[in-house]
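**Student:** Sharing input.cif (mmCIF, C-alpha atoms) below.
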data_query
#
loop_
_atom_site.label_atom_id
_atom_site.label_comp_id
_atom_site.auth_asym_id
_atom_site.auth_seq_id
_atom_site.Cartn_x
_atom_site.Cartn_y
_atom_site.Cartn_z
CA MET A 1 13.28 74.22 -26.93
CA THR A 2 16.51 73.07 -28.48
CA SER A 3 16.60 72.13 -32.12
CA SER A 4 17.69 68.59 -31.26
CA LYS A 5 14.36 67.81 -29.62
CA LEU A 6 11.71 65.96 -31.59
CA TYR A 7 8.09 67.13 -31.75
CA LEU A 8 5.03 65.25 -32.96
CA GLU A 9 5.65 66.41 -36.55
CA ASP A 10 9.16 64.91 -36.44
CA LEU A 11 8.02 61.37 -35.55
CA VAL A 12 7.11 58.77 -38.15
CA PRO A 13 6.15 55.10 -37.89
CA GLY A 14 9.20 52.86 -38.19
CA GLN A 15 11.57 55.37 -36.58
CA LEU A 16 13.97 53.64 -34.14
CA PHE A 17 15.69 54.91 -31.01
CA GLU A 18 18.44 53.00 -29.21
CA SER A 19 19.38 53.57 -25.59
CA GLY A 20 22.65 53.20 -23.76
CA SER A 21 23.02 50.24 -21.42
CA HIS A 22 22.75 49.53 -17.69
CA THR A 23 24.03 46.54 -15.74
CA LEU A 24 21.66 45.38 -13.00
CA THR A 25 23.69 44.18 -10.03
CA ALA A 26 22.45 41.83 -7.29
CA THR A 27 22.67 44.83 -4.94
CA GLU A 28 20.34 46.95 -7.07
CA ILE A 29 17.92 44.01 -7.54
CA LYS A 30 17.72 43.43 -3.76
CA ASP A 31 17.54 47.15 -2.97
CA PHE A 32 14.62 47.70 -5.35
CA ALA A 33 12.87 44.56 -4.07
CA GLY A 34 13.30 45.68 -0.47
CA ARG A 35 11.55 48.95 -1.29
CA TYR A 36 8.86 47.83 -3.72
CA ASP A 37 8.62 44.06 -4.25
CA PRO A 38 9.78 42.27 -1.08
CA GLN A 39 9.48 38.65 -2.21
CA PHE A 40 12.12 35.99 -1.48
CA PHE A 41 12.96 35.27 -5.14
CA HIS A 42 14.02 38.94 -5.54
CA LEU A 43 15.88 39.13 -2.19
CA ASP A 44 17.57 35.85 -1.25
CA ASP A 45 19.99 34.09 -3.67
CA GLU A 46 19.80 30.76 -1.87
CA ALA A 47 16.03 30.61 -1.28
CA ALA A 48 15.35 31.83 -4.85
CA LYS A 49 16.76 28.55 -6.23
CA ALA A 50 13.61 26.75 -5.05
CA SER A 51 11.29 29.31 -6.70
CA LEU A 52 9.71 29.32 -10.15
CA PHE A 53 12.66 31.50 -11.26
CA GLY A 54 15.26 28.89 -10.24
CA GLY A 55 17.51 31.64 -8.88
CA LEU A 56 17.59 35.32 -7.98
CA ALA A 57 15.61 37.41 -10.48
CA ALA A 58 14.87 41.13 -10.71
CA SER A 59 11.34 42.36 -10.02
CA GLY A 60 9.53 43.08 -13.28
CA TRP A 61 8.94 46.61 -11.96
CA ASN A 62 12.69 46.98 -11.49
CA VAL A 63 13.20 46.03 -15.15
CA ALA A 64 10.42 48.45 -16.17
CA SER A 65 12.00 51.23 -14.10
CA VAL A 66 15.49 50.65 -15.53
CA THR A 67 13.90 50.62 -19.00
CA MET A 68 12.32 54.00 -18.25
CA ARG A 69 15.65 55.46 -17.13
CA LEU A 70 17.40 54.21 -20.29
CA MET A 71 14.60 55.71 -22.42
CA VAL A 72 14.68 59.06 -20.59
CA GLU A 73 18.47 59.27 -20.96
CA SER A 74 18.36 58.58 -24.69
CA SER A 75 15.05 60.19 -25.63
CA PRO A 76 14.99 63.18 -27.93
CA ILE A 77 11.24 63.79 -27.38
CA ALA A 78 10.32 67.43 -26.64
CA GLY A 79 8.48 67.91 -23.36
CA GLY A 80 9.84 64.66 -21.95
CA LEU A 81 8.39 61.16 -21.84
CA ILE A 82 4.84 61.31 -20.50
CA GLY A 83 3.09 57.95 -20.61
CA ALA A 84 -0.67 57.57 -20.46
CA GLY A 85 -0.44 53.81 -20.20
CA ALA A 86 1.47 50.72 -21.23
CA GLU A 87 1.12 47.05 -22.00
CA ILE A 88 4.07 45.19 -20.59
CA ALA A 89 5.33 41.59 -20.53
CA TRP A 90 8.38 39.86 -19.09
CA PRO A 91 9.06 36.80 -21.27
CA ARG A 92 12.17 35.77 -19.30
CA PRO A 93 13.81 36.66 -15.96
CA THR A 94 16.48 39.35 -15.59
CA ARG A 95 19.44 38.04 -13.58
CA PRO A 96 22.13 39.75 -11.47
CA GLY A 97 24.82 41.04 -13.82
CA ASP A 98 22.55 41.29 -16.87
CA THR A 99 23.31 44.34 -19.02
CA LEU A 100 20.11 45.84 -20.39
CA ARG A 101 19.44 48.17 -23.31
CA VAL A 102 16.25 49.36 -24.96
CA VAL A 103 15.22 49.60 -28.60
CA THR A 104 12.14 51.77 -29.16
CA GLU A 105 10.13 51.89 -32.38
CA VAL A 106 7.53 54.50 -33.27
CA VAL A 107 4.35 52.65 -34.32
CA GLU A 108 1.62 55.28 -34.61
CA VAL A 109 1.49 59.09 -34.54
CA THR A 110 -1.94 60.64 -33.90
CA PRO A 111 -2.51 64.41 -33.62
CA SER A 112 -5.18 65.25 -31.03
CA ARG A 113 -8.47 66.56 -32.43
CA SER A 114 -9.42 68.48 -29.33
CA ARG A 115 -5.90 69.68 -28.31
CA PRO A 116 -4.11 71.20 -31.32
CA GLU A 117 -0.89 71.65 -29.30
CA ARG A 118 -0.27 67.93 -28.81
CA GLY A 119 -0.85 64.36 -29.96
CA MET A 120 -0.42 60.72 -28.97
CA VAL A 121 2.42 58.48 -30.03
CA LEU A 122 2.35 54.69 -29.72
CA VAL A 123 5.79 53.14 -29.31
CA ARG A 124 6.98 49.56 -28.93
CA CYS A 125 10.03 48.99 -26.75
CA LYS A 126 12.11 45.90 -26.39
CA THR A 127 14.44 45.57 -23.42
CA LEU A 128 17.31 43.24 -24.33
CA ASN A 129 20.02 41.62 -22.25
CA GLN A 130 23.69 41.16 -23.23
CA LEU A 131 22.77 38.05 -25.24
CA ASP A 132 20.14 40.05 -27.17
CA GLU A 133 17.41 38.03 -25.47
CA ILE A 134 14.19 39.97 -24.86
CA VAL A 135 13.54 40.38 -21.12
CA GLN A 136 10.70 42.89 -21.49
CA THR A 137 8.35 44.05 -24.23
CA MET A 138 6.27 47.18 -23.82
CA ALA A 139 3.75 49.03 -25.93
CA SER A 140 3.34 52.53 -24.55
CA ARG A 141 1.12 55.51 -25.37
CA MET A 142 2.81 58.87 -24.87
CA VAL A 143 1.65 62.48 -25.00
CA VAL A 144 3.92 64.49 -27.33
CA PRO A 145 3.73 68.26 -28.05
CA ARG A 146 3.42 69.65 -31.58
CA ARG A 147 6.12 72.00 -32.80
CA ALA A 148 3.76 74.66 -34.06
CA VAL A 149 0.07 75.20 -33.51
CA PRO A 150 -1.60 76.19 -36.79
CA GLU A 151 -2.64 79.89 -36.70
CA THR A 152 -6.27 79.00 -37.39
CA ASP A 153 -6.38 76.78 -34.31
CA LYS A 154 -5.13 79.42 -31.89
CA MET B 1 2.81 26.29 3.01
CA THR B 2 0.56 27.79 5.66
CA SER B 3 -3.16 27.13 5.58
CA SER B 4 -3.86 30.85 5.18
CA LYS B 5 -2.28 30.91 1.71
CA LEU B 6 -4.53 30.70 -1.30
CA TYR B 7 -3.87 28.29 -4.16
CA LEU B 8 -5.37 28.25 -7.66
CA GLU B 9 -8.32 26.13 -6.42
CA ASP B 10 -9.15 28.77 -3.79
CA LEU B 11 -9.52 31.64 -6.24
CA VAL B 12 -12.82 32.49 -7.94
CA PRO B 13 -13.85 35.32 -10.26
CA GLY B 14 -15.29 38.23 -8.32
CA GLN B 15 -13.10 37.64 -5.25
CA LEU B 16 -11.75 40.95 -3.85
CA PHE B 17 -8.54 41.75 -1.96
CA GLU B 18 -7.90 45.08 -0.25
CA SER B 19 -4.44 46.36 0.62
CA GLY B 20 -3.23 48.60 3.40
CA SER B 21 -2.22 52.15 2.46
CA HIS B 22 0.96 54.08 1.72
CA THR B 23 1.50 57.83 1.64
CA LEU B 24 3.82 58.96 -1.16
CA THR B 25 5.91 61.90 0.09
CA ALA B 26 7.67 64.46 -2.12
CA THR B 27 10.94 62.94 -0.89
CA GLU B 28 10.01 59.45 -2.10
CA ILE B 29 8.71 60.83 -5.44
CA LYS B 30 12.00 62.68 -6.07
CA ASP B 31 14.15 59.80 -4.84
CA PHE B 32 12.44 57.32 -7.18
CA ALA B 33 12.61 59.79 -10.07
CA GLY B 34 16.31 60.41 -9.45
CA ARG B 35 16.98 56.68 -9.76
CA TYR B 36 14.57 55.65 -12.53
CA ASP B 37 12.69 58.53 -14.16
CA PRO B 38 14.82 61.70 -13.97
CA GLN B 39 12.46 64.20 -15.59
CA PHE B 40 11.86 67.72 -14.22
CA PHE B 41 8.13 67.22 -13.53
CA HIS B 42 9.04 64.40 -11.10
CA LEU B 43 12.00 66.22 -9.51
CA ASP B 44 11.46 69.98 -9.28
CA ASP B 45 8.32 71.42 -7.61
CA GLU B 46 8.74 74.86 -9.16
CA ALA B 47 9.62 73.79 -12.73
CA ALA B 48 6.86 71.13 -12.67
CA LYS B 49 4.22 73.90 -12.56
CA ALA B 50 4.93 74.68 -16.21
CA SER B 51 4.62 71.01 -17.28
CA LEU B 52 1.59 69.08 -18.53
CA PHE B 53 1.10 67.93 -14.91
CA GLY B 54 0.79 71.50 -13.57
CA GLY B 55 2.87 70.57 -10.52
CA LEU B 56 5.08 67.83 -9.08
CA ALA B 57 3.74 64.38 -9.94
CA ALA B 58 5.01 60.87 -9.18
CA SER B 59 6.46 58.77 -11.98
CA GLY B 60 3.91 56.22 -13.20
CA TRP B 61 6.52 53.54 -12.45
CA ASN B 62 6.72 54.82 -8.88
CA VAL B 63 2.93 54.41 -8.57
CA ALA B 64 3.20 50.92 -10.13
CA SER B 65 5.99 49.98 -7.71
CA VAL B 66 4.10 51.24 -4.65
CA THR B 67 1.06 49.32 -5.92
CA MET B 68 3.18 46.16 -6.12
CA ARG B 69 4.44 46.63 -2.56
CA LEU B 70 0.89 47.11 -1.25
CA MET B 71 -0.22 43.97 -3.12
CA VAL B 72 2.71 41.89 -1.84
CA GLU B 73 2.06 43.00 1.75
CA SER B 74 -1.62 42.09 1.59
CA SER B 75 -1.54 39.14 -0.77
CA PRO B 76 -2.55 35.69 0.43
CA ILE B 77 -1.43 33.98 -2.80
CA ALA B 78 0.71 30.86 -2.31
CA GLY B 79 4.10 31.03 -4.00
CA GLY B 80 4.04 34.83 -4.09
CA LEU B 81 2.98 37.27 -6.78
CA ILE B 82 4.64 36.31 -10.05
CA GLY B 83 3.45 38.45 -12.95
CA ALA B 84 3.84 37.40 -16.58
CA GLY B 85 2.64 40.75 -17.85
CA ALA B 86 0.31 43.69 -17.22
CA GLU B 87 -1.75 46.35 -18.90
CA ILE B 88 -1.45 49.58 -16.99
CA ALA B 89 -2.88 53.09 -17.23
CA TRP B 90 -2.53 56.26 -15.18
CA PRO B 91 -5.76 58.25 -15.60
CA ARG B 92 -4.64 61.05 -13.24
CA PRO B 93 -1.40 62.21 -11.58
CA THR B 94 -0.31 61.10 -8.11
CA ARG B 95 0.76 64.10 -5.99
CA PRO B 96 3.07 64.48 -2.98
CA GLY B 97 1.12 63.50 0.13
CA ASP B 98 -1.36 61.27 -1.68
CA THR B 99 -2.27 58.15 0.30
CA LEU B 100 -2.64 55.16 -1.99
CA ARG B 101 -4.38 51.82 -1.52
CA VAL B 102 -5.13 48.98 -3.91
CA VAL B 103 -8.29 46.96 -4.56
CA THR B 104 -7.67 43.76 -6.54
CA GLU B 105 -10.38 41.66 -8.16
CA VAL B 106 -9.96 38.12 -9.50
CA VAL B 107 -11.29 38.10 -13.07
CA GLU B 108 -10.30 34.73 -14.54
CA VAL B 109 -8.78 31.49 -13.20
CA THR B 110 -7.27 29.14 -15.80
CA PRO B 111 -5.52 25.86 -14.88
CA SER B 112 -2.56 25.16 -17.15
CA ARG B 113 -3.03 22.29 -19.61
CA SER B 114 0.65 21.49 -19.90
CA ARG B 115 1.68 22.18 -16.27
CA PRO B 116 -0.71 20.42 -13.84
CA GLU B 117 1.00 22.04 -10.84
CA ARG B 118 -0.01 25.60 -11.73
CA GLY B 119 -2.35 27.94 -13.58
CA MET B 120 -2.85 31.55 -14.65
CA VAL B 121 -4.98 34.12 -12.84
CA LEU B 122 -6.10 37.38 -14.39
CA VAL B 123 -6.66 40.14 -11.82
CA ARG B 124 -7.77 43.75 -12.16
CA CYS B 125 -6.28 46.23 -9.69
CA LYS B 126 -7.34 49.77 -8.98
CA THR B 127 -4.97 52.07 -7.14
CA LEU B 128 -6.97 54.76 -5.35
CA ASN B 129 -5.92 57.95 -3.58
CA GLN B 130 -7.37 59.34 -0.34
CA LEU B 131 -10.31 60.85 -2.26
CA ASP B 132 -11.08 57.43 -3.80
CA GLU B 133 -9.99 58.75 -7.20
CA ILE B 134 -8.37 56.14 -9.44
CA VAL B 135 -4.70 56.99 -10.10
CA GLN B 136 -3.81 53.65 -11.73
CA THR B 137 -5.66 50.73 -13.29
CA MET B 138 -3.89 47.47 -14.01
CA ALA B 139 -4.88 44.13 -15.48
CA SER B 140 -2.25 41.58 -14.60
CA ARG B 141 -1.65 37.91 -15.45
CA MET B 142 -0.10 35.92 -12.64
CA VAL B 143 1.27 32.40 -12.29
CA VAL B 144 -0.36 30.64 -9.28
CA PRO B 145 0.41 27.12 -7.96
CA ARG B 146 -2.27 24.46 -7.49
CA ARG B 147 -2.80 23.03 -4.04
CA ALA B 148 -2.72 19.41 -5.10
CA VAL B 149 -1.63 17.76 -8.31
CA PRO B 150 -4.07 15.00 -9.29
CA GLU B 151 -2.44 11.56 -8.84
CA THR B 152 -3.04 10.68 -12.48
CA ASP B 153 -1.05 13.72 -13.61
CA LYS B 154 2.04 12.85 -11.57
#
Let's see the structure in the file written out as structure tokens.
**Tutor:**
Amino acid sequence: MTSSKLYLEDLVPGQLFESGSHTLTATEIKDFAGRYDPQFFHLDDEAAKASLFGGLAASGWNVASVTMRLMVESSPIAGGLIGAGAEIAWPRPTRPGDTLRVVTEVVEVTPSRSRPERGMVLVRCKTLNQLDEIVQTMASRMVVPRRAVPETDK
Amino acid sequence: MTSSKLYLEDLVPGQLFESGSHTLTATEIKDFAGRYDPQFFHLDDEAAKASLFGGLAASGWNVASVTMRLMVESSPIAGGLIGAGAEIAWPRPTRPGDTLRVVTEVVEVTPSRSRPERGMVLVRCKTLNQLDEIVQTMASRMVVPRRAVPETDK
């Protein structure tokens, strides 16, 4: 427990967190697709031109996974980032060479009634490319520990 | 375009698709976490015991990615699986050695008004472990091509 970590009591709606950035190369796009989403528009530059994407595009799950890494690297949340669920959308394709970064906003902070040592936090994350275009939006519910459990609840 | 592929016209609410299975090893869990979700409860068996998970658990994005692979491998959808967005939840952890499979149900089929050559399909997917416990639920909107464009729309 370092003092720089944020607990449930430290989070308020409107709070913003900004990540570093990560450039998705064609190699990483194809490597991820080979493991987890082996479809031609994620694997083959030439064939992808005839697809709905009009060219090679990253798997949405690749974008989600890179987003997670950027959030983990920049997150000051105590206990880590533990998601219970998420609502996710990919409004535009991510292309080879795109540099992604994530802006996360705290939307709702709800202490648990049954578990005094923790609560739920709703965040909204935008994943942006180098042109500040949104390539992914995500609303995510996370479990966050409380700094101190009230004596009466122990 | 092989005759075994399904187009928008071939899909009806209630239709079920079942995937093959995949066993998530500790090695794959740690490898994925090292790349995309480097948190101790996904990386270190011993340290993970003290976490909310009570032991090593796969990243939710690892479970989502394995789910995608199982769907791609078993999907008969023409044009591939192209998701516009998804609502996802992880009701219980996935552990090293868990064998996952996916059951997908067609919920809604909606031809596009502006694009006669395609439509949207809403599916609900359950990812189950070897005890038939649900480790992930997902509702996903996918873009699916129509088999034939009416002459009048051309």
**Student:** Sorted by chain and rising residue number, list the residues of chain A at most 6 Å from chain B (counting all atoms listed in the file), each with its closest atom pair and distance in Å to one decimal, as JSON lines.
**Tutor:**
{"residue": "A:Tyr36", "atom": "CA", "partner": "B:Arg69", "partner_atom": "CA", "distance": 4.7}
{"residue": "A:Asp37", "atom": "CA", "partner": "B:Arg69", "partner_atom": "CA", "distance": 5.2}
{"residue": "A:Ser65", "atom": "CA", "partner": "B:Tyr36", "partner_atom": "CA", "distance": 5.3}
{"residue": "A:Val66", "atom": "CA", "partner": "B:Tyr36", "partner_atom": "CA", "distance": 5.9}
{"residue": "A:Arg69", "atom": "CA", "partner": "B:Tyr36", "partner_atom": "CA", "distance": 4.7}
{"residue": "A:Ala84", "atom": "CA", "partner": "B:Trp90", "partner_atom": "CA", "distance": 5.7}
{"residue": "A:Gly85", "atom": "CA", "partner": "B:Ala89", "partner_atom": "CA", "distance": 3.9}
{"residue": "A:Ala86", "atom": "CA", "partner": "B:Ile88", "partner_atom": "CA", "distance": 5.3}
{"residue": "A:Glu87", "atom": "CA", "partner": "B:Glu87", "partner_atom": "CA", "distance": 4.3}
{"residue": "A:Ile88", "atom": "CA", "partner": "B:Ala86", "partner_atom": "CA", "distance": 5.3}
{"residue": "A:Ala89", "atom": "CA", "partner": "B:Gly85", "partner_atom": "CA", "distance": 3.9}
{"residue": "A:Trp90", "atom": "CA", "partner": "B:Ala84", "partner_atom": "CA", "distance": 5.7}
**Student:** To one decimal in Å, tell me the separation between CA of Gly97 in chain A and CA of Ala58 in chain A.
**Tutor:**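 Spanning CA of Gly97 in chain A to CA of Ala58 in chain A is a straight-line distance of 10.4 Å.
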**Student:** Hey, which of A:Arg146, A:Arg124, A:Arg115, A:Lys49 ends up closest to Gln15 in chain A? Count all atoms listed in the file.
**Tutor:**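 Nearest to Gln15 in chain A: A:Arg124.
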**Student:** So how far away is CA of Lys30 in chain B from CA of Val144 in chain A, in Å?
**Tutor:** 22.8 Å
**Student:** Which residues fall under the PyMOL selection byres ((chain A and resi 118) around 12) in this file, as a list in words?
**Tutor:**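 Applying the PyMOL selection byres ((chain A and resi 118) around 12) to the structure shown produces Tyr7, Leu8, Glu9, Ala78, Gly79, Ile82, Val109, Thr110, Pro111, Ser112, Arg113, Ser114, Arg115, Pro116, Glu117, Gly119, Met120, Val121, Met142, Val143, Val144, Pro145, Arg146, Arg147, Ala148, Val149 and Pro150 of chain A; Leu52 of chain B.
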**Student:** Determine the residue membership of the PyMOL selection byres ((chain A and resi 129) around 9) for the file above and supply it as a PyMOL selection string.
**Tutor:** chain A and resi 94+98-101+127-128+130-135
**Student:** Within 7 Å of (13.9, 51.2, -31.7), only C-alpha atoms: residues as a ChimeraX atom specification?
**Tutor:** /A:15-18,103-105,125
**Student:** May I ask for the distance between CA of Leu56 in chain A and CA of Thr27 in chain A, given in Å to one decimal place?
**Tutor:**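 Atom-to-atom, CA of Leu56 in chain A to CA of Thr27 in chain A, that is 11.2 Å.
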**Student:** Smallest atom-to-atom distance to Leu24 in chain A: which of A:Leu6, A:Ala57, A:Ala48, A:Val106, using all atoms listed in the file?
**Tutor:** A:Ala57
**Student:** Point out the residue among A:Pro93, A:Glu28, A:Pro13, A:Lys5 with the least atom-to-atom distance to Leu43 in chain A, counting all atoms listed in the file.
**Tutor:**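 Answer, going by the shortest atom-to-atom distance: A:Glu28.
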**Student:** Reconstruct N, CA, C and O atoms of range 102-117 of chain B; output as a PDB file, keeping the file's coordinate frame.
**Tutor:**
ATOM      1  N   VAL B 102      -4.872  49.784  -2.711  1.00  0.00           N
ATOM      2  CA  VAL B 102      -5.130  48.980  -3.910  1.00  0.00           C
ATOM      3  C   VAL B 102      -6.277  48.015  -3.660  1.00  0.00           C
ATOM      4  O   VAL B 102      -6.326  47.349  -2.623  1.00  0.00           O
ATOM      5  N   VAL B 103      -7.216  47.959  -4.592  1.00  0.00           N
ATOM      6  CA  VAL B 103      -8.290  46.960  -4.560  1.00  0.00           C
ATOM      7  C   VAL B 103      -8.091  46.040  -5.763  1.00  0.00           C
ATOM      8  O   VAL B 103      -8.015  46.495  -6.903  1.00  0.00           O
ATOM      9  N   THR B 104      -7.953  44.755  -5.496  1.00  0.00           N
ATOM     10  CA  THR B 104      -7.670  43.760  -6.540  1.00  0.00           C
ATOM     11  C   THR B 104      -8.859  42.810  -6.676  1.00  0.00           C
ATOM     12  O   THR B 104      -9.370  42.307  -5.673  1.00  0.00           O
ATOM     13  N   GLU B 105      -9.281  42.587  -7.911  1.00  0.00           N
ATOM     14  CA  GLU B 105     -10.380  41.660  -8.160  1.00  0.00           C
ATOM     15  C   GLU B 105      -9.908  40.510  -9.051  1.00  0.00           C
ATOM     16  O   GLU B 105      -9.252  40.736 -10.069  1.00  0.00           O
ATOM     17  N   VAL B 106     -10.252  39.293  -8.654  1.00  0.00           N
ATOM     18  CA  VAL B 106      -9.960  38.120  -9.500  1.00  0.00           C
ATOM     19  C   VAL B 106     -10.955  38.123 -10.660  1.00  0.00           C
ATOM     20  O   VAL B 106     -12.159  38.220 -10.457  1.00  0.00           O
ATOM     21  N   VAL B 107     -10.431  38.046 -11.890  1.00  0.00           N
ATOM     22  CA  VAL B 107     -11.290  38.100 -13.070  1.00  0.00           C
ATOM     23  C   VAL B 107     -11.420  36.722 -13.729  1.00  0.00           C
ATOM     24  O   VAL B 107     -12.504  36.322 -14.136  1.00  0.00           O
ATOM     25  N   GLU B 108     -10.311  36.000 -13.816  1.00  0.00           N
ATOM     26  CA  GLU B 108     -10.300  34.730 -14.540  1.00  0.00           C
ATOM     27  C   GLU B 108      -9.311  33.780 -13.905  1.00  0.00           C
ATOM     28  O   GLU B 108      -8.201  34.185 -13.537  1.00  0.00           O
ATOM     29  N   VAL B 109      -9.675  32.511 -13.775  1.00  0.00           N
ATOM     30  CA  VAL B 109      -8.780  31.490 -13.200  1.00  0.00           C
ATOM     31  C   VAL B 109      -8.670  30.363 -14.219  1.00  0.00           C
ATOM     32  O   VAL B 109      -9.662  29.740 -14.568  1.00  0.00           O
ATOM     33  N   THR B 110      -7.454  30.110 -14.719  1.00  0.00           N
ATOM     34  CA  THR B 110      -7.270  29.140 -15.800  1.00  0.00           C
ATOM     35  C   THR B 110      -6.179  28.132 -15.450  1.00  0.00           C
ATOM     36  O   THR B 110      -4.991  28.471 -15.474  1.00  0.00           O
ATOM     37  N   PRO B 111      -6.552  26.885 -15.119  1.00  0.00           N
ATOM     38  CA  PRO B 111      -5.520  25.860 -14.880  1.00  0.00           C
ATOM     39  C   PRO B 111      -4.701  25.650 -16.152  1.00  0.00           C
ATOM     40  O   PRO B 111      -5.239  25.727 -17.254  1.00  0.00           O
ATOM     41  N   SER B 112      -3.420  25.417 -15.994  1.00  0.00           N
ATOM     42  CA  SER B 112      -2.560  25.160 -17.150  1.00  0.00           C
ATOM     43  C   SER B 112      -2.820  23.752 -17.695  1.00  0.00           C
ATOM     44  O   SER B 112      -3.006  22.810 -16.939  1.00  0.00           O
ATOM     45  N   ARG B 113      -2.848  23.620 -19.020  1.00  0.00           N
ATOM     46  CA  ARG B 113      -3.030  22.290 -19.610  1.00  0.00           C
ATOM     47  C   ARG B 113      -1.742  21.495 -19.581  1.00  0.00           C
ATOM     48  O   ARG B 113      -1.730  20.295 -19.384  1.00  0.00           O
ATOM     49  N   SER B 114      -0.625  22.206 -19.778  1.00  0.00           N
ATOM     50  CA  SER B 114       0.650  21.490 -19.900  1.00  0.00           C
ATOM     51  C   SER B 114       1.359  21.342 -18.545  1.00  0.00           C
ATOM     52  O   SER B 114       2.211  20.486 -18.382  1.00  0.00           O
ATOM     53  N   ARG B 115       1.007  22.218 -17.574  1.00  0.00           N
ATOM     54  CA  ARG B 115       1.680  22.180 -16.270  1.00  0.00           C
ATOM     55  C   ARG B 115       0.634  21.968 -15.171  1.00  0.00           C
ATOM     56  O   ARG B 115       0.057  22.936 -14.666  1.00  0.00           O
ATOM     57  N   PRO B 116       0.379  20.699 -14.792  1.00  0.00           N
ATOM     58  CA  PRO B 116      -0.710  20.420 -13.840  1.00  0.00           C
ATOM     59  C   PRO B 116      -0.497  21.053 -12.477  1.00  0.00           C
ATOM     60  O   PRO B 116      -1.453  21.161 -11.701  1.00  0.00           O
ATOM     61  N   GLU B 117       0.722  21.499 -12.182  1.00  0.00           N
ATOM     62  CA  GLU B 117       1.000  22.040 -10.840  1.00  0.00           C
ATOM     63  C   GLU B 117       0.704  23.537 -10.727  1.00  0.00           C
ATOM     64  O   GLU B 117       0.898  24.135  -9.683  1.00  0.00           O
TER      65      GLU B 117
END
